[in-house]
file target-v7.cif (mmCIF, C-alpha atoms and all ligand atoms)
data_data
#
loop_
_atom_site.label_atom_id
_atom_site.label_comp_id
_atom_site.auth_asym_id
_atom_site.auth_seq_id
_atom_site.Cartn_x
_atom_site.Cartn_y
_atom_site.Cartn_z
CA MET A 496 -67.16 65.00 31.93
CA LEU A 497 -63.69 66.39 31.41
CA LEU A 498 -65.09 69.86 30.83
CA GLU A 499 -66.36 69.84 34.41
CA ILE A 500 -62.76 69.51 35.55
CA VAL A 501 -61.78 72.45 33.32
CA ARG A 502 -64.53 74.55 34.93
CA LYS A 503 -63.12 73.88 38.39
CA PHE A 504 -59.94 75.74 37.38
CA GLU A 505 -61.47 78.51 35.34
CA TYR A 506 -61.12 82.07 36.73
CA LYS A 507 -59.06 80.86 39.68
CA SER A 508 -55.73 82.25 40.82
CA ASP A 509 -52.64 80.06 40.44
CA PHE A 510 -52.70 79.42 44.19
CA GLU A 511 -56.30 78.22 44.02
CA ARG A 512 -55.56 76.19 40.89
CA LEU A 513 -52.83 74.30 42.75
CA LYS A 514 -55.21 73.64 45.64
CA THR A 515 -57.93 72.50 43.26
CA LEU A 516 -55.56 70.15 41.44
CA LYS A 517 -54.47 68.48 44.68
CA GLN A 518 -58.09 68.16 45.83
CA ILE A 519 -59.17 66.50 42.58
CA LEU A 520 -56.24 64.05 42.62
CA LYS A 521 -57.00 63.14 46.26
CA SER A 522 -60.70 62.67 45.49
CA LYS A 523 -59.78 60.24 42.71
CA ASN A 524 -57.28 58.34 44.87
CA ILE A 525 -54.38 59.38 42.68
CA LYS A 526 -51.10 59.48 44.61
CA PHE A 527 -48.87 62.43 43.84
CA MET A 528 -45.65 64.04 44.87
CA GLU A 529 -45.02 67.76 45.32
CA GLN A 530 -41.79 69.27 44.09
CA ASN A 531 -41.28 72.60 45.79
CA TYR A 532 -38.63 74.73 44.13
CA LYS A 533 -37.17 78.19 44.13
CA TYR A 534 -36.11 79.82 40.91
CA PHE A 535 -34.81 83.41 40.72
CA GLY A 536 -36.61 84.16 43.97
CA PHE A 537 -39.89 82.62 42.76
CA SER A 538 -41.30 79.74 44.78
CA GLY A 539 -43.28 77.17 42.88
CA THR A 540 -44.72 73.69 43.15
CA ASN A 541 -44.86 70.99 40.50
CA ILE A 542 -47.27 68.12 41.03
CA ILE A 543 -45.96 64.76 39.86
CA VAL A 544 -47.87 61.50 39.44
CA ASP A 545 -45.57 58.52 38.82
CA MET A 546 -46.92 55.25 37.49
CA GLY A 547 -45.11 51.99 36.74
CA LYS A 548 -41.88 50.78 38.23
CA ALA A 549 -39.51 50.65 35.26
CA LYS A 550 -36.44 52.84 35.06
CA LYS A 551 -36.98 54.30 31.62
CA HIS A 552 -39.68 56.87 31.67
CA ILE A 553 -42.13 58.87 29.66
CA ILE A 554 -43.25 62.35 30.70
CA LEU A 555 -46.73 63.61 29.89
CA SER A 556 -47.21 67.19 31.01
CA GLY A 557 -49.31 70.31 31.16
CA HIS A 558 -49.17 73.43 33.31
CA PHE A 559 -51.68 74.46 35.95
CA ASP A 560 -50.82 78.16 36.17
CA ALA A 561 -52.69 80.64 33.96
CA ALA A 562 -51.80 83.86 32.18
CA PRO A 563 -52.78 86.95 34.21
CA GLY A 564 -56.22 88.27 33.29
CA SER A 565 -57.23 85.06 31.54
CA PRO A 566 -59.66 82.43 32.92
CA GLY A 567 -57.12 79.86 31.70
CA ALA A 568 -59.57 77.28 30.38
CA ASN A 569 -57.87 76.15 27.18
CA ASP A 570 -54.49 77.36 28.44
CA ASP A 571 -53.98 75.11 30.20
CA ALA A 572 -56.82 73.63 32.29
CA SER A 573 -57.71 71.65 29.14
CA ALA A 574 -54.42 69.79 29.58
CA ILE A 575 -55.02 69.23 33.30
CA ALA A 576 -58.42 67.64 32.66
CA THR A 577 -57.02 65.52 29.84
CA LEU A 578 -54.05 64.34 31.90
CA ILE A 579 -56.27 63.39 34.86
CA ASP A 580 -58.29 61.25 32.46
CA VAL A 581 -55.08 59.71 31.08
CA ILE A 582 -53.90 58.83 34.62
CA GLN A 583 -57.16 57.05 35.36
CA LYS A 584 -56.90 55.02 32.18
CA LEU A 585 -53.20 54.18 32.59
CA LYS A 586 -53.74 53.04 36.19
CA LYS A 587 -55.70 50.08 34.82
CA LEU A 588 -53.02 49.05 32.32
CA ARG A 589 -49.71 47.22 32.51
CA LEU A 590 -46.96 49.70 31.86
CA LYS A 591 -43.60 48.62 30.55
CA ASN A 592 -42.15 52.09 31.15
CA LYS A 593 -42.54 54.42 34.06
CA VAL A 594 -44.96 57.20 33.17
CA SER A 595 -44.64 60.52 34.96
CA VAL A 596 -47.55 62.87 34.55
CA VAL A 597 -46.27 66.29 35.54
CA PHE A 598 -48.40 69.34 36.20
CA PHE A 599 -45.92 72.18 35.92
CA ASP A 600 -46.15 75.47 37.76
CA ASP A 601 -44.98 78.86 36.43
CA GLU A 602 -45.04 78.08 32.71
CA GLU A 603 -46.42 81.50 31.93
CA ILE A 604 -43.67 83.47 33.66
CA GLY A 605 -40.85 81.60 31.95
CA ARG A 606 -41.20 77.81 32.30
CA PHE A 607 -39.75 77.89 35.83
CA GLY A 608 -41.57 74.67 36.77
CA SER A 609 -40.15 72.54 33.96
CA ILE A 610 -36.68 74.07 34.27
CA SER A 611 -36.70 73.23 38.00
CA TYR A 612 -37.98 69.72 37.30
CA ILE A 613 -35.05 69.05 34.94
CA LYS A 614 -32.63 70.57 37.45
CA GLU A 615 -33.77 68.22 40.20
CA PHE A 616 -34.54 65.00 38.33
CA GLY A 617 -32.31 65.27 35.26
CA LEU A 618 -32.88 63.71 31.86
CA LYS A 619 -31.38 60.30 32.52
CA ASP A 620 -33.60 57.37 31.51
CA LEU A 621 -36.06 59.75 29.90
CA ILE A 622 -37.50 58.36 26.65
CA VAL A 623 -39.92 61.02 25.54
CA VAL A 624 -41.82 64.14 26.62
CA TYR A 625 -45.28 65.09 25.36
CA HIS A 626 -46.46 68.43 26.65
CA LEU A 627 -50.09 69.51 26.22
CA GLU A 628 -51.20 73.05 25.46
CA LEU A 629 -54.64 74.19 24.26
CA CYS A 630 -56.35 70.81 23.97
CA GLY A 631 -59.99 71.84 23.97
CA TYR A 632 -60.70 74.01 20.94
CA GLY A 633 -61.05 72.35 17.56
CA ASP A 634 -61.22 68.94 15.95
CA SER A 635 -57.73 68.13 14.70
CA ILE A 636 -54.30 67.73 16.23
CA GLY A 637 -51.33 70.04 15.89
CA LEU A 638 -47.86 68.70 16.64
CA TRP A 639 -45.42 71.52 17.30
CA PRO A 640 -42.86 72.82 17.07
CA VAL A 641 -41.43 70.37 14.57
CA VAL A 642 -37.93 71.82 14.31
CA GLU A 643 -34.45 70.67 13.37
CA THR A 644 -33.81 69.16 16.83
CA ASN A 645 -36.88 66.91 16.96
CA LYS A 646 -37.99 66.38 13.35
CA ASP A 647 -36.43 62.89 13.27
CA SER A 648 -37.25 61.99 16.87
CA TYR A 649 -39.29 58.98 17.87
CA ALA A 650 -41.41 61.44 19.87
CA LEU A 651 -42.76 62.54 16.51
CA LYS A 652 -42.60 59.15 14.80
CA VAL A 653 -44.64 57.29 17.42
CA ILE A 654 -47.45 59.83 17.74
CA GLU A 655 -47.69 60.14 13.95
CA GLN A 656 -48.20 56.39 13.73
CA VAL A 657 -50.93 56.52 16.37
CA LEU A 658 -52.75 59.42 14.68
CA LYS A 659 -52.63 57.67 11.30
CA GLU A 660 -53.95 54.42 12.79
CA LYS A 661 -56.80 56.31 14.43
CA ASN A 662 -57.51 58.33 11.32
CA ILE A 663 -57.20 61.61 13.17
CA TYR A 664 -56.37 64.62 11.04
CA PHE A 665 -53.15 66.30 12.13
CA GLU A 666 -50.65 68.90 11.00
CA LYS A 667 -47.02 69.29 11.87
CA VAL A 668 -46.35 72.90 12.70
CA GLY A 669 -43.04 74.74 12.81
CA GLN A 670 -41.92 77.21 15.44
CA LEU A 671 -44.80 79.51 16.32
CA PRO A 672 -43.94 83.16 16.81
CA ALA A 673 -43.62 83.94 20.52
CA PHE A 674 -45.38 80.72 21.54
CA TYR A 675 -43.77 77.95 23.51
CA GLY A 676 -44.60 75.30 26.06
CA ASP A 677 -42.70 73.41 28.75
CA ASP A 678 -41.42 70.98 26.09
CA LEU A 679 -38.97 73.74 25.12
CA SER A 680 -37.19 73.42 28.50
CA PHE A 681 -36.33 69.82 27.64
CA ARG A 682 -35.04 70.65 24.14
CA GLU A 683 -33.03 73.52 25.56
CA ALA A 684 -31.47 71.08 28.04
CA GLY A 685 -30.35 68.95 25.08
CA PHE A 686 -33.19 66.40 24.98
CA SER A 687 -34.62 66.18 21.48
CA HIS A 688 -37.59 63.83 21.99
CA ALA A 689 -39.88 66.55 23.32
CA LEU A 690 -42.98 67.69 21.51
CA CYS A 691 -46.06 69.78 22.19
CA ILE A 692 -49.58 68.59 21.34
CA SER A 693 -52.49 70.96 20.75
CA VAL A 694 -55.94 70.81 19.25
CA ALA A 695 -56.94 73.19 16.45
CA PRO A 696 -59.92 73.56 14.13
CA LYS A 697 -59.16 71.94 10.77
CA LYS A 698 -61.04 74.70 8.95
CA ASP A 699 -58.56 77.29 10.27
CA LYS A 700 -55.49 75.43 9.09
CA GLU A 701 -54.53 77.88 6.32
CA ALA A 702 -54.96 80.87 8.64
CA ILE A 703 -52.91 79.09 11.29
CA LYS A 704 -50.15 78.33 8.77
CA ARG A 705 -50.05 82.00 7.76
CA PHE A 706 -49.90 82.93 11.39
CA VAL A 707 -47.08 80.51 12.07
CA LYS A 708 -45.02 81.86 9.18
CA GLY A 709 -45.50 85.47 10.19
CA ASP A 710 -42.79 87.34 12.01
CA LEU A 711 -43.45 88.74 15.45
CA LEU A 712 -44.21 92.24 14.27
CA ASN A 713 -46.77 91.08 11.71
CA VAL A 714 -48.35 88.78 14.25
CA MET A 715 -48.76 91.62 16.73
CA PHE A 716 -50.20 93.84 14.03
CA ASP A 717 -52.66 91.11 12.97
CA TYR A 718 -53.49 90.45 16.60
CA TYR A 719 -54.62 94.01 17.22
CA ALA A 720 -56.38 94.12 13.87
CA GLY A 721 -58.34 91.00 14.90
CA ARG A 722 -57.08 89.01 11.93
CA ILE A 723 -55.45 86.08 13.67
CA PRO A 724 -57.06 82.62 13.99
CA ARG A 725 -59.69 82.44 16.68
CA MET A 726 -57.82 79.94 18.82
CA PHE A 727 -55.01 82.46 19.18
CA GLN A 728 -57.47 85.28 19.83
CA LEU A 729 -58.80 83.33 22.81
CA TYR A 730 -55.31 82.45 23.99
CA HIS A 731 -54.16 84.50 27.02
CA SER A 732 -57.27 86.69 26.76
CA PRO A 733 -60.28 87.20 29.06
CA GLU A 734 -62.13 85.06 26.50
CA ASP A 735 -60.22 81.86 27.25
CA LYS A 736 -63.39 80.31 28.69
CA SER A 737 -64.60 76.71 28.93
CA GLU A 738 -67.72 77.56 26.93
CA HIS A 739 -65.59 77.58 23.76
CA LEU A 740 -64.18 74.13 24.43
CA SER A 741 -65.48 70.71 23.53
CA GLU A 742 -65.55 67.45 25.44
CA GLU A 743 -64.72 65.55 22.24
CA ALA A 744 -61.44 67.41 21.80
CA LEU A 745 -60.27 66.58 25.32
CA LYS A 746 -61.29 62.94 24.94
CA MET A 747 -59.50 62.69 21.60
CA VAL A 748 -56.21 63.87 23.12
CA SER A 749 -56.61 61.57 26.14
CA ASP A 750 -57.25 58.60 23.87
CA VAL A 751 -54.23 59.45 21.68
CA LEU A 752 -51.90 59.76 24.69
CA VAL A 753 -52.98 56.40 26.13
CA SER A 754 -52.35 54.77 22.75
CA VAL A 755 -48.97 56.46 22.50
CA VAL A 756 -47.94 55.07 25.91
CA LEU A 757 -49.08 51.60 24.81
CA LYS A 758 -47.09 51.93 21.60
CA PHE A 759 -43.97 52.75 23.63
CA ASN A 760 -44.67 49.51 25.54
CA LYS A 761 -43.80 47.69 22.32
CA GLU A 762 -40.82 49.80 21.27
CA ASN A 763 -37.37 48.77 22.41
CA LEU A 764 -35.71 52.01 23.37
ZN ZN B 1 -49.85 77.43 28.16
#
call {"tool": "encode", "arguments": {"input": "target-v7.cif", "output": "structure tokens", "more": "lines below"}}
Ligand SMILES: [Zn+2]
result
Amino acid sequence: MLLEIVRKFEYKSDFERLKTLKQILKSKNIKFMEQNYKYFGFSGTNIIVDMGKAKKHIILSGHFDAAPGSPGANDDASAIATLIDVIQKLKKLRLKNKVSVVFFDDEEIGRFGSISYIKEFGLKDLIVVYHLELCGYGDSIGLWPVVETNKDSYALKVIEQVLKEKNIYFEKVGQLPAFYGDDLSFREAGFSHALCISVAPKKDKEAIKRFVKGDLLNVMFDYYAGRIPRMFQLYHSPEDKSEHLSEEALKMVSDVLVSVVLKFNKENL
């Protein structure tokens, strides 16, 4: 059960979440590397699982830190559980590209983990980055932000193909107001094939679209008036609990990511 993994992170401090992540990886015989970094006086640790020996590589990522005051189940323990499942599946497959699964630290205070990762390892030989945020609430996939820099990227093209083949309902979403994930660090560094994947309830799609279009002031007003889509009400709140999440959602994302990696096996990039 992937939700059991989510529960192991819930309500824990970032320090405990890091410890928990390392314990789980060890218990599953998954080898990992620790990247310790310092950024503006903050010390952090990214956990990196590399698979495959090729030069060109794919990054699949999530972040293990949580927003203060939030149990951090959907944001972003849902991604951690999903990525652990993906690692276990990919370990059994032949990989044509290197796949780095990266569990970033310090996303919530300003993406320090992903910025430090790029600083140390660079962008050379990188094919694509898929970052996971909020993967446990809902039944359809949101690809975001689809913006000028990545709208024609194969990051988007390949996952769209996979979702169509699997008959999974998805929406492409523009820039959300005041929302971002570690994929932004890669686009900011000049790498356009970086995209964020989330799960959202299909029934809320119109409300989510309204929310996405709104400017920051309207969004804050709606937020306090309780008018924003439920997934964003849970986000960063004391209500971001595993009880709202579903096993099916996590499994769907895991399955999609494995298929995406296999599709990149066939692409000549
Ligand atoms: Zn997050």
call {"tool": "axis_aligned_box", "arguments": {"input": "target-v7.cif", "around": "range 535-550 of chain A", "padding_each_side": "6 Å", "output": "lines of an AutoDock Vina configuration file"}}
result
center_x = -41.3
center_y = 67.4
center_z = 39.9
size_x = 25.1
size_y = 45.5
size_z = 21.7
call {"tool": "atom_distance", "arguments": {"input": "target-v7.cif", "atom1": "CA of Lys517 in chain A", "atom2": "CA of Tyr612 in chain A"}}
result
18.1 Å
call {"tool": "residues_near_ligand", "arguments": {"input": "target-v7.cif", "ligand": "ligand ZN 1 (chain B)", "cutoff": "6 Å", "atoms": "only C-alpha atoms and all ligand atoms", "output": "list in words"}}
result
Asp570, Asp571 and Glu628 of chain A
call {"tool": "write_last_selection", "arguments": {"input": "target-v7.cif", "atoms": "C-alpha atoms", "output": "PDB file, keeping the file's coordinate frame"}}
result
ATOM      1  CA  ASP A 570     -54.490  77.360  28.440  1.00  0.00           C
ATOM      2  CA  ASP A 571     -53.980  75.110  30.200  1.00  0.00           C
ATOM      3  CA  GLU A 628     -51.200  73.050  25.460  1.00  0.00           C
TER       4      GLU A 628
END
call {"tool": "residues_around", "arguments": {"input": "target-v7.cif", "residues": "Pro733 in chain A", "least_positions_apart": "3", "cutoff": "9 Å", "atoms": "all atoms listed in the file", "output": "list in words"}}
result
Gly564, Ser565, Pro566, Gly567, Leu729, Tyr730 and Lys736 of chain A
call {"tool": "closest_residue", "arguments": {"input": "target-v7.cif", "among": "A:Lys586, A:Lys593, A:His731, A:Lys619", "to": "Leu555 in chain A", "atoms": "all atoms listed in the file"}}
result
A:Lys593
call {"tool": "atom_distance", "arguments": {"input": "target-v7.cif", "atom1": "CA of Phe706 in chain A", "atom2": "CA of Asn569 in chain A"}}
result
18.9 Å
call {"tool": "residues_around", "arguments": {"input": "target-v7.cif", "residues": "Arg606 in chain A", "least_positions_apart": "4", "cutoff": "10 Å", "atoms": "all atoms listed in the file", "output": "ChimeraX atom specification"}}
result
/A:558,599-602,610-611,675-680
call {"tool": "atom_distance", "arguments": {"input": "target-v7.cif", "atom1": "CA of Ala695 in chain A", "atom2": "CA of Ile554 in chain A"}}
result
22.5 Å
call {"tool": "closest_residue", "arguments": {"input": "target-v7.cif", "among": "A:Ile703, A:Val748, A:Leu585, A:Val694", "to": "Leu629 in chain A", "atoms": "only C-alpha atoms"}}
result
A:Val694
call {"tool": "closest_residue", "arguments": {"input": "target-v7.cif", "among": "A:Glu683, A:Asp580, A:Glu499, A:Glu655", "to": "Asp750 in chain A", "atoms": "all atoms listed in the file"}}
result
A:Asp580
call {"tool": "residues_around", "arguments": {"input": "target-v7.cif", "residues": "range 519-536 of chain A", "least_positions_apart": "6", "cutoff": "8 Å", "atoms": "all atoms listed in the file", "output": "PyMOL selection string"}}
result
chain A and resi 542-545+579+607-608+611-612
call {"tool": "closest_residue", "arguments": {"input": "target-v7.cif", "among": "A:Ser749, A:Ser508, A:Ser687, A:Asn713", "to": "Ala562 in chain A", "atoms": "only C-alpha atoms"}}
result
A:Ser508
call {"tool": "closest_residue", "arguments": {"input": "target-v7.cif", "among": "A:Tyr664, A:Gly685, A:Cys691, A:Leu658", "to": "Trp639 in chain A", "atoms": "all atoms listed in the file"}}
result
A:Cys691
call {"tool": "residues_around", "arguments": {"input": "target-v7.cif", "residues": "Val707 in chain A", "least_positions_apart": "2", "cutoff": "10 Å", "atoms": "all atoms listed in the file", "output": "list in words"}}
result
Val668, Gly669, Gln670, Leu671, Pro672, Ala673, Phe674, Glu701, Ala702, Ile703, Lys704, Arg705, Gly709, Asp710, Leu711 and Val714 of chain A
call {"tool": "closest_residue", "arguments": {"input": "target-v7.cif", "among": "A:Ser556, A:Gly547, A:Lys514, A:Pro563", "to": "Asp735 in chain A", "atoms": "only C-alpha atoms"}}
result
A:Pro563
call {"tool": "decode", "arguments": {"input": "target-v7.cif", "residues": "range 555-680 of chain A", "atoms": "C-alpha atoms", "output": "CSV table (one decimal), in the first residue's frame"}}
result
chain,number,residue,atom,x,y,z
A,555,LEU,CA,11.8,12.1,-11.6
A,556,SER,CA,11.4,14.2,-8.5
A,557,GLY,CA,9.4,15.2,-5.5
A,558,HIS,CA,10.2,16.9,-2.2
A,559,PHE,CA,10.3,15.4,1.2
A,560,ASP,CA,10.0,18.6,3.3
A,561,ALA,CA,6.6,19.9,4.3
A,562,ALA,CA,5.0,23.3,4.8
A,563,PRO,CA,5.0,24.5,8.4
A,564,GLY,CA,1.8,23.5,10.2
A,565,SER,CA,0.8,21.0,7.6
A,566,PRO,CA,0.9,17.2,8.0
A,567,GLY,CA,2.3,17.2,4.4
A,568,ALA,CA,0.5,14.2,3.1
A,569,ASN,CA,-0.5,15.3,-0.4
A,570,ASP,CA,2.3,17.9,-0.4
A,571,ASP,CA,4.5,16.1,-0.9
A,572,ALA,CA,4.6,12.6,0.8
A,573,SER,CA,2.2,11.5,-2.0
A,574,ALA,CA,5.1,12.0,-4.4
A,575,ILE,CA,7.6,10.2,-2.1
A,576,ALA,CA,5.4,7.1,-2.0
A,577,THR,CA,4.8,7.2,-5.7
A,578,LEU,CA,8.5,7.6,-6.5
A,579,ILE,CA,9.5,4.7,-4.2
A,580,ASP,CA,7.0,2.6,-6.1
A,581,VAL,CA,8.4,3.8,-9.4
A,582,ILE,CA,12.0,2.9,-8.3
A,583,GLN,CA,10.9,-0.6,-7.4
A,584,LYS,CA,9.3,-1.1,-10.8
A,585,LEU,CA,12.2,0.5,-12.8
A,586,LYS,CA,14.8,-1.7,-11.0
A,587,LYS,CA,13.3,-4.7,-12.8
A,588,LEU,CA,13.4,-3.1,-16.3
A,589,ARG,CA,16.2,-2.5,-18.8
A,590,LEU,CA,16.8,1.2,-19.0
A,591,LYS,CA,18.2,2.8,-22.0
A,592,ASN,CA,18.7,6.1,-20.2
A,593,LYS,CA,19.9,6.8,-16.7
A,594,VAL,CA,17.0,7.6,-14.4
A,595,SER,CA,17.7,9.8,-11.3
A,596,VAL,CA,14.9,9.8,-8.8
A,597,VAL,CA,15.5,12.9,-6.6
A,598,PHE,CA,13.9,13.6,-3.3
A,599,PHE,CA,14.5,17.3,-2.9
A,600,ASP,CA,14.8,19.1,0.4
A,601,ASP,CA,13.7,22.7,1.1
A,602,GLU,CA,11.2,23.1,-1.7
A,603,GLU,CA,8.8,25.0,0.6
A,604,ILE,CA,11.3,27.7,1.7
A,605,GLY,CA,12.4,28.5,-1.9
A,606,ARG,CA,13.4,25.4,-3.9
A,607,PHE,CA,16.9,25.4,-2.3
A,608,GLY,CA,17.2,21.6,-2.8
A,609,SER,CA,16.6,21.7,-6.6
A,610,ILE,CA,18.7,24.9,-7.1
A,611,SER,CA,21.6,23.2,-5.2
A,612,TYR,CA,21.2,20.0,-7.2
A,613,ILE,CA,21.5,22.0,-10.5
A,614,LYS,CA,24.5,23.9,-9.1
A,615,GLU,CA,26.4,20.7,-8.3
A,616,PHE,CA,25.4,18.4,-11.1
A,617,GLY,CA,24.5,20.8,-13.9
A,618,LEU,CA,22.1,20.2,-16.8
A,619,LYS,CA,24.4,18.5,-19.2
A,620,ASP,CA,23.0,15.2,-20.6
A,621,LEU,CA,19.6,15.9,-19.0
A,622,ILE,CA,16.7,14.9,-21.2
A,623,VAL,CA,13.7,15.6,-19.2
A,624,VAL,CA,12.4,16.5,-15.7
A,625,TYR,CA,9.1,15.4,-14.3
A,626,HIS,CA,8.4,16.7,-10.8
A,627,LEU,CA,5.5,15.4,-8.7
A,628,GLU,CA,3.3,17.6,-6.5
A,629,LEU,CA,0.0,16.6,-4.9
A,630,CYS,CA,-0.4,13.1,-6.4
A,631,GLY,CA,-3.0,11.6,-4.1
A,632,TYR,CA,-6.3,13.6,-4.3
A,633,GLY,CA,-8.5,13.1,-7.3
A,634,ASP,CA,-8.9,10.9,-10.4
A,635,SER,CA,-7.4,12.8,-13.3
A,636,ILE,CA,-4.0,14.2,-14.2
A,637,GLY,CA,-2.9,17.9,-14.3
A,638,LEU,CA,0.2,18.8,-16.3
A,639,TRP,CA,1.5,22.2,-15.3
A,640,PRO,CA,2.6,24.8,-15.8
A,641,VAL,CA,2.3,24.6,-19.6
A,642,VAL,CA,4.0,27.9,-20.4
A,643,GLU,CA,5.8,29.5,-23.4
A,644,THR,CA,9.1,27.8,-22.4
A,645,ASN,CA,7.8,24.2,-22.3
A,646,LYS,CA,4.6,24.1,-24.4
A,647,ASP,CA,6.5,22.5,-27.4
A,648,SER,CA,8.8,20.4,-25.3
A,649,TYR,CA,9.0,16.6,-25.6
A,650,ALA,CA,8.5,16.6,-21.8
A,651,LEU,CA,4.9,17.5,-22.6
A,652,LYS,CA,4.7,15.5,-25.8
A,653,VAL,CA,5.8,12.2,-24.4
A,654,ILE,CA,3.6,12.2,-21.3
A,655,GLU,CA,0.6,13.3,-23.4
A,656,GLN,CA,1.1,10.3,-25.6
A,657,VAL,CA,1.2,8.0,-22.6
A,658,LEU,CA,-1.9,9.5,-21.0
A,659,LYS,CA,-3.9,9.2,-24.3
A,660,GLU,CA,-2.8,5.6,-24.8
A,661,LYS,CA,-3.9,4.8,-21.2
A,662,ASN,CA,-7.1,6.7,-21.6
A,663,ILE,CA,-6.4,8.8,-18.6
A,664,TYR,CA,-8.2,12.1,-18.4
A,665,PHE,CA,-5.8,15.0,-18.2
A,666,GLU,CA,-5.8,18.8,-18.4
A,667,LYS,CA,-2.9,21.1,-19.3
A,668,VAL,CA,-2.8,23.9,-16.9
A,669,GLY,CA,-1.1,27.3,-17.2
A,670,GLN,CA,0.8,29.1,-14.5
A,671,LEU,CA,-1.0,28.8,-11.2
A,672,PRO,CA,-1.0,31.9,-9.0
A,673,ALA,CA,1.7,31.6,-6.3
A,674,PHE,CA,2.2,27.9,-6.9
A,675,TYR,CA,5.3,26.3,-8.1
A,676,GLY,CA,7.4,23.1,-7.8
A,677,ASP,CA,11.0,22.2,-8.1
A,678,ASP,CA,10.5,21.9,-11.9
A,679,LEU,CA,10.6,25.7,-12.0
A,680,SER,CA,14.3,25.7,-10.9
